[in-house]
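Student: Please see the structure below; I have some questions.
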Amino acid sequence: MKRLVLVLICAVIVGFSGTPAAAYDYKVDDPYVATIVGTPEVLEWDKLPKKVDYELLGLKVFPDRPMPDVFWYQREFLYTLSYQKQAAPLIFVIAGTGSSFYASSMVFLQKAFWGAGFHVICLSSPTHMNFITTASATSVPGNIAEDSQDLYRVMTKAWEQVKDRIKVSEFYLTGYSLGASQAAFVSKLDEEKRVFNFKKVCMVNPSVSLYTSAKILDDMLLEIDPNLTPEIFDRWFDARLARFGEIYRMMKEPQLDHDFLYNAYRTLYKKGQTPSRENLAGMIGTVFRLASSNMIFTADVMANYGLIVPKNRVLESADSLTDYFKVTNRVSFLDYFNEFLYPYSRSRNPSLTKEALIEGTSLRSIESYLRNSPKIVLMTNEDDLILTPADLSFLKDVFGARAKIYPRGGHLGNLTFRDNIGYMINFFQN
């Protein structure tokens, strides 16, 4: 009886596109599980090409910028171009927080769009180390308006680099998570600069407020223990790694990043070893903490700010970074915002208030543009973990019929689901 009632409830919920939500066949109901395990392989977009024509390319965005010895390997901004042999639209894809162009989600989108007949340029997030060191004007990410200017600069330079090699009919733009929010700001900037004149923009699971979403993700660590201390977190994290030991060896000792942690949980999930709600939330919070930790350390060194590494301390290429990363892993994104990003921003603009910076990193600051720009569409989920109820209401109100709101999927859990990819491709093709 309970199941019948749920089915009837779903049947009367209608998405903004007019498609009944009950017809949506994404199977994972728990938003925490969905966020981590993603889409079961049998339900993913199954039209991916086995081989993609692509190149890894580099740009000297700031050729005279001195590079700290500790980042000796960051010589230029890297991105990928996937190209068609005939004229086609070019899609720019912006990665989510801390992710690079070779993150698993980016590679999937690259293949899906290329297989559908588009040229594709994949860009790392402005919060990724390579972007911070080589392509950020300030090397202090987090101010979306400034980060979007940096994105627009590298997009323009990338186009200059490849325009004689490919035939482009028109330009499109997409991004997911933080990259979706940045795509909105980039699109608005392009209205002024007119380099690309984007015809279509698709935002996938954006945050409305960077500050609010970061707080939600930071607070997930507290589900491990409401009185969380660095020592309690270290014990919890060590226990997770110990449990992942066999998986780690099976995967041939990959890099300990968010892809590995999520893949490990996916493996346990497939074996029927479903972790507790507290562990799921803790892992999502940990993944975000790892991404923001890399960003914070990189920004601190590049700006010589002194939050993590003592000011004017010169790190050599062979220096151990273990102690610094232990400190960084205990610094939340909100700590970074309050103790680094805001003071740094205020040093450049003394009249800036913290409230103004928080508002400026929110989609609410460009509400009028989003409300009146028919070329921009939104895809998100009713149960997206990084949105508050007020955020979701804002998105529904602003985008109206241009919003595709799926009933489930958590945060990006359904990104590779066949319906979602099909919707994106159809939007760009038609």
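Please note that chains go A, B, ... in the order of the structure tokens, that every chain numbers its residues from 1, and that ligands are numbered from 1 in the order shown.
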When DSSP is applied to the backbone of this structure, which of region 83-173 of chain A are assigned strand (DSSP E)? Write them out as a list in words.
Tutor: Ala88, Pro89, Leu90, Ile91, Phe92, Val93, Ile94, His119, Val120, Ile121, Cys122, Leu123, Val168, Ser169, Glu170, Phe171, Tyr172 and Leu173 of chain A
Student: Taking only residues of region 299-347 of chain A that have an atom at most 12 Å from an atom of region 354-358 of chain A, what is each one's shortest atom pair and its distance in Å to one decimal, using only C-alpha atoms, in chain and number order, as CSV?
Tutor:
```
residue,atom,partner,partner_atom,distance
A:Leu334,CA,A:Ile358,CA,11.0
A:Phe337,CA,A:Ile358,CA,9.3
A:Asn338,CA,A:Lys354,CA,8.2
A:Glu339,CA,A:Lys354,CA,11.0
A:Phe340,CA,A:Lys354,CA,11.7
A:Leu341,CA,A:Leu357,CA,9.3
A:Tyr342,CA,A:Lys354,CA,6.5
A:Pro343,CA,A:Lys354,CA,9.0
A:Tyr344,CA,A:Lys354,CA,11.3
A:Ser345,CA,A:Leu357,CA,8.5
A:Arg346,CA,A:Lys354,CA,8.6
```
Student: Those selected residues, please, written with C-alpha atoms and delivered as a PDB file, in the first residue's frame.
Tutor:
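Wrote it out as again-v6.pdb, contents follow:
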```pdb
ATOM      1  CA  LEU A 334      34.589  28.749   5.288  1.00  0.00           C
ATOM      2  CA  PHE A 337      36.674  32.383   2.957  1.00  0.00           C
ATOM      3  CA  ASN A 338      36.738  34.221   6.289  1.00  0.00           C
ATOM      4  CA  GLU A 339      40.486  34.212   6.981  1.00  0.00           C
ATOM      5  CA  PHE A 340      41.955  34.435   3.471  1.00  0.00           C
ATOM      6  CA  LEU A 341      39.586  35.237   0.611  1.00  0.00           C
ATOM      7  CA  TYR A 342      37.689  38.045   2.323  1.00  0.00           C
ATOM      8  CA  PRO A 343      40.709  39.810   3.903  1.00  0.00           C
ATOM      9  CA  TYR A 344      42.608  39.463   0.631  1.00  0.00           C
ATOM     10  CA  SER A 345      39.671  40.842  -1.364  1.00  0.00           C
ATOM     11  CA  ARG A 346      39.193  43.686   1.095  1.00  0.00           C
TER      12      ARG A 346
END
```
Student: Tell me, as a PyMOL selection string, which residues lie within 10 Å of Tyr369 (chain A), counting only C-alpha atoms; anything in the same chain fewer than 3 positions away does not count.
Tutor: chain A and resi 184-185+187-188+363-366+372-374+376+398
Student: Skipping near chain neighbours, those fewer than 5 positions away, what residues fall within 9 Å of Leu387 (chain A) using only C-alpha atoms, listed as a list in words?
Tutor: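 The residues satisfying every condition are Pro206, Ser207, Val208, Ser209, Thr212, Ser213, Ile216, Glu382 and Leu392 of chain A.
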Student: Can you tell me, as a PyMOL selection string, what residues are no more than 12 Å from region 64-75 of chain A when counting only C-alpha atoms, ignoring any on the same chain fewer than 4 positions away?
Tutor: chain A and resi 58-60+128-139+297-304+309+312-321
Student: Report the distance between CA of Val377 (chain A) and CA of Arg402 (chain A) in Å, rounded to one decimal place.
Tutor: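 Between CA of Val377 (chain A) and CA of Arg402 (chain A) the gap works out to 4.9 Å.
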